[in-house]
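Written out below as structure tokens is the structure these notes cover.
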Amino acid sequence: MDTHQANQLGQTNSFNRLSSRRVAVLMCTFNGQRFLSEQLASIAAQTHENWDVVVSDDGSTDQTLDIIATFSASQNRADRVRVFNGPKRGFATNFLTLTCNEAIQADFYAWSDQDDIWLNSKLETALTWLQTVPAGVPALYCGRTRGMNAQGKPMECSPLFSRPPTFANALVQSLAGGNTMVFNQAARDLMLDAGGHLDIVSHDWWAYLLVTGAGGQVAYDSQPFVLYRQHDGNLVGANSGLKARLSRLGMMFKGRFSNWNDQNIRCLTSARRLLTAENQQKLDCFRLARKSHLPGRLLGLLRAGVYRQTLPGNIGLFLAAIVKGI
């Protein structure tokens, strides 16, 4: 066998291994009839074809469940789409309980909102990286999004981040939207071990905290593979532009950022055993810094090594420390 044939065989074997991996697309819905069909169609158009859709519906009263049933009937397997009743306690709890539902088993897991559009190579791109990580190592793929308006017209991309995705960053910033995230079984096991009962701020931030805290690997893709719909029904808006920055600054001075940190610290303390020794120390340092007087807060943040991804974000973090907003 010559080198060219060997390379071709290697590529074929790699493709076969990738295509055999099953992805559970974990979608949470609530009165999503307006855009749901487009999102389901984009999942069906994925170049990675080995996927199932598992929906947790939080009590929709519109045509959401009918749209899902129609989509299910169009598939070549009767069990390719499953629907569970959600807990009706908000989107974060809905996603967490769905992720921790042990009736769902796959090789990889992808979170999906009900109103976006996925580019057709989203899953394939994520799995190509995820398969480079040893199976026992928690791994999380995430990335940028490109906004689109209610009519589907493309808008600007989310900010491009370049600093390393680490626990020190996760303590003070959620790196990427859950609608971009795909993760392996080891990362899912972390969320199972931590528990589906926790009062988390958001599922995407929680995944970032857990995977980095446990010493796992995170890949942040600079290329967007999700068209993130912006409309009047968004629970969480796009993280870009001056308006978004001013909004975050306002929330900081109103104490919302501090409350989120309280929630995250409570959940991390509950799951402390899952963190590496080094990250346990970072958590302790961050927790003590938040309750210290001003010099102690600033020194404690330096010792914890926490940082945000951008200069304006770090200036905001410094201001928050001054006004006890962390």
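Ordered as shown in the structure tokens, chains take letters A, B, and onward, while each chain numbers its residues from 1 and ligands are numbered from 1 in the order shown.
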Kindly provide the residues of segment 13-98 of chain A that approach segment 179-201 of chain A to within 8 Å, each paired with its closest atom pair and their distance in Å to one decimal, based on only C-alpha atoms, listed by chain and increasing number, as JSON lines.
{"residue": "A:Ala92", "atom": "CA", "partner": "A:Val201", "partner_atom": "CA", "distance": 6.7}
{"residue": "A:Thr93", "atom": "CA", "partner": "A:Ile200", "partner_atom": "CA", "distance": 7.3}
{"residue": "A:Leu96", "atom": "CA", "partner": "A:Gly196", "partner_atom": "CA", "distance": 5.8}
{"residue": "A:Thr97", "atom": "CA", "partner": "A:Gly196", "partner_atom": "CA", "distance": 5.2}
Next item on the list: Quick one: everything within 9 Å of Leu119 of chain A, counting only C-alpha atoms, minus sequence neighbours fewer than 2 positions away in the same chain. Send it as a ChimeraX atom specification.
Entry: /A:42-43,45-46,117,121-123,224-227
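Minimum distance to Glu278 of chain A across A:Thr212, A:Ser174, A:Thr145, A:Asn31 (counting only C-alpha atoms) occurs at A:Thr212.
When only C-alpha atoms are used to measure the gap to Gly59 of chain A, the shortest distance among A:Ala214, A:Leu299, A:Cys285, A:Cys28 belongs to A:Cys28.
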Next item on the list: as an NGL selection string, list the residues of segment 22-198 of chain A assigned to strand (DSSP E or B) by DSSP on the backbone atoms of this structure.
Entry: :A and (23-29 or 51-57 or 81-85 or 108-112 or 117-118 or 139-143 or 146-148 or 154-157 or 182-184)
Margin query: If DSSP is run on the backbone, what residues of segment 89-206 of chain A are helix (DSSP H, G or I)? A reply as a PyMOL selection string would be ideal.
Written below: chain A and resi 91-99+122-130+167-170+178-180+185-194+203-206
Please produce a file of the residues just selected, as a short mmCIF file (atom, residue, chain, number, x, y, z; two decimals), in the first residue's frame, where the atoms kept are N, CA, C and O atoms.
data_model
loop_
_atom_site.label_atom_id
_atom_site.label_comp_id
_atom_site.auth_asym_id
_atom_site.auth_seq_id
_atom_site.Cartn_x
_atom_site.Cartn_y
_atom_site.Cartn_z
N PHE A 91 -35.58 28.23 32.25
CA PHE A 91 -34.79 27.58 31.21
C PHE A 91 -33.57 26.85 31.77
O PHE A 91 -33.22 25.76 31.30
N ALA A 92 -32.89 27.42 32.78
CA ALA A 92 -31.68 26.80 33.30
C ALA A 92 -31.99 25.46 33.94
O ALA A 92 -31.30 24.45 33.69
N THR A 93 -33.04 25.42 34.75
CA THR A 93 -33.44 24.16 35.39
C THR A 93 -33.91 23.16 34.35
O THR A 93 -33.65 21.95 34.46
N ASN A 94 -34.61 23.64 33.33
CA ASN A 94 -35.09 22.75 32.28
C ASN A 94 -33.92 22.07 31.58
O ASN A 94 -33.90 20.83 31.40
N PHE A 95 -32.90 22.84 31.20
CA PHE A 95 -31.73 22.27 30.53
C PHE A 95 -30.96 21.33 31.46
O PHE A 95 -30.49 20.27 31.04
N LEU A 96 -30.80 21.72 32.72
CA LEU A 96 -30.01 20.89 33.63
C LEU A 96 -30.70 19.56 33.90
O LEU A 96 -30.05 18.49 33.88
N THR A 97 -32.01 19.58 34.15
CA THR A 97 -32.70 18.33 34.43
C THR A 97 -32.75 17.43 33.19
O THR A 97 -32.66 16.20 33.31
N LEU A 98 -32.86 18.03 32.01
CA LEU A 98 -32.83 17.23 30.79
C LEU A 98 -31.46 16.58 30.62
O LEU A 98 -31.36 15.39 30.29
N THR A 99 -30.40 17.35 30.86
CA THR A 99 -29.04 16.82 30.72
C THR A 99 -28.79 15.70 31.73
O THR A 99 -28.04 14.76 31.43
N LYS A 122 -22.18 22.16 11.91
CA LYS A 122 -21.98 22.43 13.34
C LYS A 122 -21.58 21.18 14.12
O LYS A 122 -20.57 21.17 14.83
N LEU A 123 -22.37 20.12 14.03
CA LEU A 123 -22.08 18.91 14.81
C LEU A 123 -20.78 18.25 14.34
O LEU A 123 -19.96 17.82 15.17
N GLU A 124 -20.58 18.17 13.05
CA GLU A 124 -19.38 17.54 12.53
C GLU A 124 -18.12 18.28 13.00
O GLU A 124 -17.12 17.66 13.39
N THR A 125 -18.17 19.60 12.98
CA THR A 125 -17.03 20.40 13.43
C THR A 125 -16.74 20.15 14.90
O THR A 125 -15.58 19.96 15.30
N ALA A 126 -17.78 20.14 15.72
CA ALA A 126 -17.60 19.92 17.16
C ALA A 126 -17.04 18.52 17.43
O ALA A 126 -16.10 18.36 18.22
N LEU A 127 -17.59 17.51 16.76
CA LEU A 127 -17.16 16.14 17.01
C LEU A 127 -15.74 15.88 16.52
O LEU A 127 -15.01 15.08 17.11
N THR A 128 -15.35 16.56 15.46
CA THR A 128 -13.98 16.41 14.97
C THR A 128 -12.98 16.78 16.05
O THR A 128 -11.96 16.10 16.24
N TRP A 129 -13.27 17.87 16.80
CA TRP A 129 -12.38 18.22 17.91
C TRP A 129 -12.58 17.30 19.10
O TRP A 129 -11.62 16.82 19.71
N LEU A 130 -13.81 17.03 19.47
CA LEU A 130 -14.09 16.24 20.67
C LEU A 130 -13.44 14.87 20.61
O LEU A 130 -13.01 14.33 21.64
N PHE A 167 -10.69 27.88 34.44
CA PHE A 167 -11.55 28.03 35.61
C PHE A 167 -11.47 29.45 36.16
O PHE A 167 -12.48 30.00 36.62
N ALA A 168 -10.29 30.07 36.10
CA ALA A 168 -10.13 31.44 36.57
C ALA A 168 -11.00 32.40 35.76
O ALA A 168 -11.51 33.40 36.29
N ASN A 169 -11.18 32.13 34.50
CA ASN A 169 -12.09 32.92 33.68
C ASN A 169 -13.54 32.56 33.98
O ASN A 169 -14.41 33.44 34.11
N ALA A 170 -13.81 31.27 34.13
CA ALA A 170 -15.18 30.81 34.36
C ALA A 170 -15.76 31.37 35.66
O ALA A 170 -16.97 31.58 35.76
N GLY A 178 -25.00 28.34 25.47
CA GLY A 178 -25.29 26.91 25.45
C GLY A 178 -25.70 26.42 24.08
O GLY A 178 -25.50 25.24 23.75
N ASN A 179 -26.25 27.31 23.25
CA ASN A 179 -26.67 26.90 21.90
C ASN A 179 -25.48 26.55 21.00
O ASN A 179 -25.67 25.99 19.92
N THR A 180 -24.25 26.87 21.44
CA THR A 180 -23.06 26.48 20.68
C THR A 180 -22.38 25.24 21.26
O THR A 180 -21.47 24.70 20.64
N GLN A 185 -19.17 12.40 26.95
CA GLN A 185 -19.81 11.69 28.06
C GLN A 185 -19.17 12.03 29.40
O GLN A 185 -19.85 12.11 30.43
N ALA A 186 -17.85 12.23 29.41
CA ALA A 186 -17.18 12.56 30.66
C ALA A 186 -17.66 13.90 31.21
O ALA A 186 -17.81 14.06 32.44
N ALA A 187 -17.93 14.86 30.35
CA ALA A 187 -18.47 16.14 30.80
C ALA A 187 -19.91 15.96 31.29
O ALA A 187 -20.32 16.56 32.30
N ARG A 188 -20.66 15.14 30.59
CA ARG A 188 -22.03 14.87 31.03
C ARG A 188 -22.02 14.17 32.39
O ARG A 188 -22.85 14.47 33.27
N ASP A 189 -21.07 13.26 32.60
CA ASP A 189 -20.95 12.57 33.88
C ASP A 189 -20.67 13.55 35.02
O ASP A 189 -21.16 13.37 36.15
N LEU A 190 -19.89 14.60 34.73
CA LEU A 190 -19.64 15.63 35.74
C LEU A 190 -20.95 16.27 36.18
O LEU A 190 -21.18 16.49 37.38
N MET A 191 -21.80 16.61 35.20
CA MET A 191 -23.06 17.25 35.54
C MET A 191 -23.98 16.29 36.29
O MET A 191 -24.70 16.70 37.21
N LEU A 192 -23.93 15.02 35.94
CA LEU A 192 -24.70 14.02 36.69
C LEU A 192 -24.19 13.91 38.12
O LEU A 192 -24.99 13.86 39.07
N ASP A 193 -22.87 13.86 38.29
CA ASP A 193 -22.28 13.73 39.62
C ASP A 193 -22.59 14.96 40.48
O ASP A 193 -22.84 14.84 41.68
N ALA A 194 -22.56 16.14 39.86
CA ALA A 194 -22.85 17.36 40.60
C ALA A 194 -24.32 17.41 41.00
O ALA A 194 -24.67 17.93 42.07
N HIS A 203 -27.21 27.01 32.37
CA HIS A 203 -26.61 25.70 32.07
C HIS A 203 -25.27 25.85 31.38
O HIS A 203 -24.35 25.04 31.62
N ASP A 204 -25.12 26.88 30.51
CA ASP A 204 -23.86 27.04 29.80
C ASP A 204 -22.73 27.48 30.73
O ASP A 204 -21.62 26.97 30.65
N TRP A 205 -23.03 28.43 31.62
CA TRP A 205 -22.01 28.87 32.58
C TRP A 205 -21.63 27.71 33.50
O TRP A 205 -20.46 27.50 33.82
N TRP A 206 -22.63 26.94 33.92
CA TRP A 206 -22.37 25.80 34.81
C TRP A 206 -21.47 24.78 34.13
O TRP A 206 -20.53 24.24 34.75
#
Item checked: Between atom CA of Ile322 of chain A and atom CA of Ser158 of chain A, distance in Å (one decimal) -> 28.0 Å
Next item on the list: Please provide as an MDAnalysis selection string all residues within 10 Å of Asn261 of chain A, with the sequence filter that same-chain residues fewer than 4 positions apart are discarded (counting only C-alpha atoms).
Entry: chainID A and resid 171:173 201 255:257 265:267 286:287 290 325:326
Mind dumping the selected residues with all heavy atoms as a compact mmCIF listing (two decimals), in the first residue's frame?
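Now in again.txt:
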# COMPACT_ATOMS: atom_id res chain seq x y z
N LEU A 171 -14.92 31.61 36.67
CA LEU A 171 -15.43 32.14 37.93
C LEU A 171 -16.10 33.50 37.77
O LEU A 171 -16.96 33.87 38.57
CB LEU A 171 -14.29 32.24 38.95
CG LEU A 171 -13.88 30.93 39.63
CD1 LEU A 171 -12.60 31.12 40.45
CD2 LEU A 171 -15.00 30.40 40.52
N VAL A 172 -15.72 34.26 36.74
CA VAL A 172 -16.26 35.61 36.59
C VAL A 172 -16.90 35.86 35.23
O VAL A 172 -17.31 36.98 34.93
CB VAL A 172 -15.18 36.68 36.85
CG1 VAL A 172 -14.77 36.67 38.32
CG2 VAL A 172 -13.96 36.48 35.95
N GLN A 173 -16.99 34.80 34.39
CA GLN A 173 -17.55 35.02 33.05
C GLN A 173 -18.02 33.72 32.44
O GLN A 173 -17.33 32.70 32.50
CB GLN A 173 -16.50 35.66 32.14
CG GLN A 173 -17.00 35.99 30.75
CD GLN A 173 -15.96 36.71 29.91
OE1 GLN A 173 -14.77 36.67 30.19
NE2 GLN A 173 -16.41 37.39 28.87
N VAL A 201 -27.21 29.33 37.75
CA VAL A 201 -27.53 30.57 37.05
C VAL A 201 -27.95 30.27 35.62
O VAL A 201 -28.99 30.73 35.15
CB VAL A 201 -26.32 31.53 37.06
CG1 VAL A 201 -26.63 32.78 36.24
CG2 VAL A 201 -25.94 31.90 38.49
N GLY A 255 -26.19 44.76 41.73
CA GLY A 255 -25.95 43.57 42.55
C GLY A 255 -26.27 42.26 41.88
O GLY A 255 -26.15 41.20 42.50
N ARG A 256 -26.68 42.30 40.60
CA ARG A 256 -27.06 41.05 39.95
C ARG A 256 -25.85 40.13 39.74
O ARG A 256 -25.94 38.92 39.92
CB ARG A 256 -27.73 41.35 38.61
CG ARG A 256 -28.42 40.15 38.00
CD ARG A 256 -29.24 40.55 36.79
NE ARG A 256 -29.90 39.41 36.20
CZ ARG A 256 -30.64 39.48 35.08
NH1 ARG A 256 -30.81 40.64 34.49
NH2 ARG A 256 -31.20 38.40 34.59
N PHE A 257 -24.71 40.73 39.37
CA PHE A 257 -23.50 39.94 39.18
C PHE A 257 -23.08 39.28 40.49
O PHE A 257 -22.69 38.11 40.52
CB PHE A 257 -22.39 40.85 38.64
CG PHE A 257 -21.11 40.15 38.30
CD1 PHE A 257 -21.09 38.99 37.54
CD2 PHE A 257 -19.89 40.66 38.74
CE1 PHE A 257 -19.90 38.35 37.23
CE2 PHE A 257 -18.69 40.04 38.44
CZ PHE A 257 -18.70 38.87 37.68
N ILE A 265 -21.06 29.95 43.49
CA ILE A 265 -20.21 29.47 44.58
C ILE A 265 -20.93 28.41 45.40
O ILE A 265 -20.33 27.40 45.80
CB ILE A 265 -19.74 30.65 45.45
CG1 ILE A 265 -18.70 31.48 44.68
CG2 ILE A 265 -19.13 30.17 46.77
CD1 ILE A 265 -18.32 32.78 45.36
N ARG A 266 -22.22 28.61 45.65
CA ARG A 266 -22.98 27.58 46.37
C ARG A 266 -22.96 26.26 45.61
O ARG A 266 -22.76 25.18 46.20
CB ARG A 266 -24.42 28.04 46.60
CG ARG A 266 -24.60 29.03 47.71
CD ARG A 266 -26.06 29.16 48.11
NE ARG A 266 -26.90 29.65 47.02
CZ ARG A 266 -27.15 30.93 46.79
NH1 ARG A 266 -26.62 31.87 47.56
NH2 ARG A 266 -27.94 31.29 45.78
N CYS A 267 -23.18 26.33 44.30
CA CYS A 267 -23.21 25.10 43.49
C CYS A 267 -21.82 24.46 43.42
O CYS A 267 -21.69 23.23 43.53
CB CYS A 267 -23.71 25.42 42.09
SG CYS A 267 -25.46 25.92 42.02
N PHE A 286 -11.23 33.12 45.76
CA PHE A 286 -12.25 34.01 45.19
C PHE A 286 -13.37 34.25 46.19
O PHE A 286 -13.83 35.40 46.36
CB PHE A 286 -12.79 33.38 43.91
CG PHE A 286 -13.85 34.19 43.22
CD1 PHE A 286 -13.57 35.47 42.75
CD2 PHE A 286 -15.13 33.68 43.02
CE1 PHE A 286 -14.54 36.23 42.10
CE2 PHE A 286 -16.10 34.42 42.37
CZ PHE A 286 -15.81 35.70 41.91
N ARG A 287 -13.81 33.21 46.85
CA ARG A 287 -14.89 33.35 47.83
C ARG A 287 -14.49 34.29 48.97
O ARG A 287 -15.26 35.17 49.38
CB ARG A 287 -15.28 31.98 48.38
CG ARG A 287 -16.49 32.04 49.32
CD ARG A 287 -16.88 30.68 49.86
NE ARG A 287 -15.83 30.13 50.70
CZ ARG A 287 -15.14 29.03 50.42
NH1 ARG A 287 -15.38 28.37 49.30
NH2 ARG A 287 -14.21 28.59 51.24
N ARG A 290 -14.25 38.09 47.92
CA ARG A 290 -15.52 38.79 47.75
C ARG A 290 -16.04 39.37 49.05
O ARG A 290 -16.77 40.36 49.05
CB ARG A 290 -16.57 37.83 47.17
CG ARG A 290 -16.27 37.34 45.78
CD ARG A 290 -17.33 36.36 45.31
NE ARG A 290 -18.63 37.00 45.14
CZ ARG A 290 -19.73 36.63 45.78
NH1 ARG A 290 -19.71 35.63 46.64
NH2 ARG A 290 -20.88 37.26 45.57
N GLY A 325 -19.48 44.76 44.11
CA GLY A 325 -20.44 44.21 43.15
C GLY A 325 -20.08 42.84 42.63
O GLY A 325 -20.68 42.35 41.69
N ILE A 326 -19.05 42.21 43.24
CA ILE A 326 -18.68 40.86 42.84
C ILE A 326 -19.16 39.83 43.85
O ILE A 326 -18.97 38.66 43.67
CB ILE A 326 -17.16 40.72 42.62
CG1 ILE A 326 -16.42 41.04 43.92
CG2 ILE A 326 -16.69 41.59 41.49
CD1 ILE A 326 -14.97 40.64 43.89
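If you count only C-alpha atoms and ignore residues fewer than 2 places along the chain from Asn50 of chain A, what sits within 7 Å of it is A:Ser19, A:Ser20, A:Arg21, A:Arg22, A:Val23, A:His48.
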Save out the residues we just selected, all heavy atoms, as an mmCIF file, in the first residue's frame.
data_model
loop_
_atom_site.group_PDB
_atom_site.id
_atom_site.type_symbol
_atom_site.label_atom_id
_atom_site.label_comp_id
_atom_site.auth_asym_id
_atom_site.auth_seq_id
_atom_site.Cartn_x
_atom_site.Cartn_y
_atom_site.Cartn_z
ATOM 1 N N SER A 19 -18.769 9.155 12.128
ATOM 2 C CA SER A 19 -20.173 8.999 11.751
ATOM 3 C C SER A 19 -20.900 7.998 12.635
ATOM 4 O O SER A 19 -22.129 8.047 12.746
ATOM 5 C CB SER A 19 -20.278 8.569 10.279
ATOM 6 O OG SER A 19 -19.666 7.310 10.073
ATOM 7 N N SER A 20 -20.169 7.090 13.280
ATOM 8 C CA SER A 20 -20.811 6.108 14.152
ATOM 9 C C SER A 20 -21.149 6.677 15.521
ATOM 10 O O SER A 20 -21.877 6.061 16.295
ATOM 11 C CB SER A 20 -19.904 4.885 14.326
ATOM 12 O OG SER A 20 -18.747 5.227 15.082
ATOM 13 N N ARG A 21 -20.628 7.851 15.839
ATOM 14 C CA ARG A 21 -20.872 8.449 17.153
ATOM 15 C C ARG A 21 -22.245 9.111 17.188
ATOM 16 O O ARG A 21 -22.569 9.947 16.348
ATOM 17 C CB ARG A 21 -19.799 9.483 17.481
ATOM 18 C CG ARG A 21 -18.374 8.937 17.465
ATOM 19 C CD ARG A 21 -18.203 7.839 18.504
ATOM 20 N NE ARG A 21 -16.797 7.537 18.695
ATOM 21 C CZ ARG A 21 -16.281 6.319 18.636
ATOM 22 N NH1 ARG A 21 -17.065 5.289 18.363
ATOM 23 N NH2 ARG A 21 -15.002 6.099 18.854
ATOM 24 N N ARG A 22 -23.029 8.747 18.182
ATOM 25 C CA ARG A 22 -24.389 9.270 18.269
ATOM 26 C C ARG A 22 -24.413 10.525 19.137
ATOM 27 O O ARG A 22 -23.826 10.564 20.220
ATOM 28 C CB ARG A 22 -25.344 8.222 18.834
ATOM 29 C CG ARG A 22 -26.810 8.643 18.772
ATOM 30 C CD ARG A 22 -27.714 7.430 18.859
ATOM 31 N NE ARG A 22 -27.573 6.744 20.132
ATOM 32 C CZ ARG A 22 -28.306 7.027 21.217
ATOM 33 N NH1 ARG A 22 -29.203 7.975 21.166
ATOM 34 N NH2 ARG A 22 -28.126 6.356 22.319
ATOM 35 N N VAL A 23 -25.123 11.529 18.659
ATOM 36 C CA VAL A 23 -25.266 12.790 19.372
ATOM 37 C C VAL A 23 -26.715 12.934 19.840
ATOM 38 O O VAL A 23 -27.643 12.805 19.031
ATOM 39 C CB VAL A 23 -24.910 13.994 18.484
ATOM 40 C CG1 VAL A 23 -25.042 15.302 19.266
ATOM 41 C CG2 VAL A 23 -23.495 13.854 17.931
ATOM 42 N N HIS A 48 -23.312 15.633 9.958
ATOM 43 C CA HIS A 48 -23.234 14.477 10.853
ATOM 44 C C HIS A 48 -24.659 13.985 11.073
ATOM 45 O O HIS A 48 -25.474 14.656 11.713
ATOM 46 C CB HIS A 48 -22.583 14.835 12.192
ATOM 47 C CG HIS A 48 -22.474 13.661 13.121
ATOM 48 N ND1 HIS A 48 -21.439 12.746 13.030
ATOM 49 C CD2 HIS A 48 -23.272 13.229 14.119
ATOM 50 C CE1 HIS A 48 -21.606 11.817 13.951
ATOM 51 N NE2 HIS A 48 -22.709 12.080 14.621
#
Item checked: Among listed residues A:Gly32, A:Gly216, A:Gly177, A:Pro154, nearest Ala135 of chain A (using only C-alpha atoms) ->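 Answer, going by the shortest atom-to-atom distance: A:Gly216.
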Next item on the list: Can you pull out every residue within 12 Å of His293 of chain A, counting only C-alpha atoms, but drop anything in the same chain fewer than 3 positions away, and send it as a count of residues only?
Entry: 12
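Candidate residues A:Ala78, A:Val83, A:Ala106, A:Leu274 were compared for distance to Asp58 of chain A, and the nearest is A:Val83, using only C-alpha atoms.
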Note to self: Here is a test: counting only C-alpha atoms, which residue of A:Leu275, A:Asn101, A:Gly90, A:Arg146 is nearest to Ser202 of chain A?
What the structure shows: A:Gly90
Next item on the list: For segment 34-40 of chain A, work out the shell of residues within 7 Å, counting only C-alpha atoms and skipping chain neighbours fewer than 4 positions away, then give it as a PyMOL selection string.
Entry: chain A and resi 44+67+114-118
Note to self: Restricting the calculation to only C-alpha atoms: of A:Lys88, A:Arg229, A:Arg163, A:Lys291, which residue gets closest to Val306 of chain A?
What the structure shows: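 Closest candidate: A:Arg163.
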Notebook entry, point to check: By how many Å are atom CA of Ala150 of chain A and atom CA of Ala41 of chain A apart?
Noted result: 16.8 Å
Next item on the list: Between atom CA of Gln263 of chain A and atom CA of Tyr220 of chain A, measure the distance and give it in Å to one decimal.
Entry: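 So the two atoms, atom CA of Gln263 of chain A and atom CA of Tyr220 of chain A, lie 24.5 Å apart.
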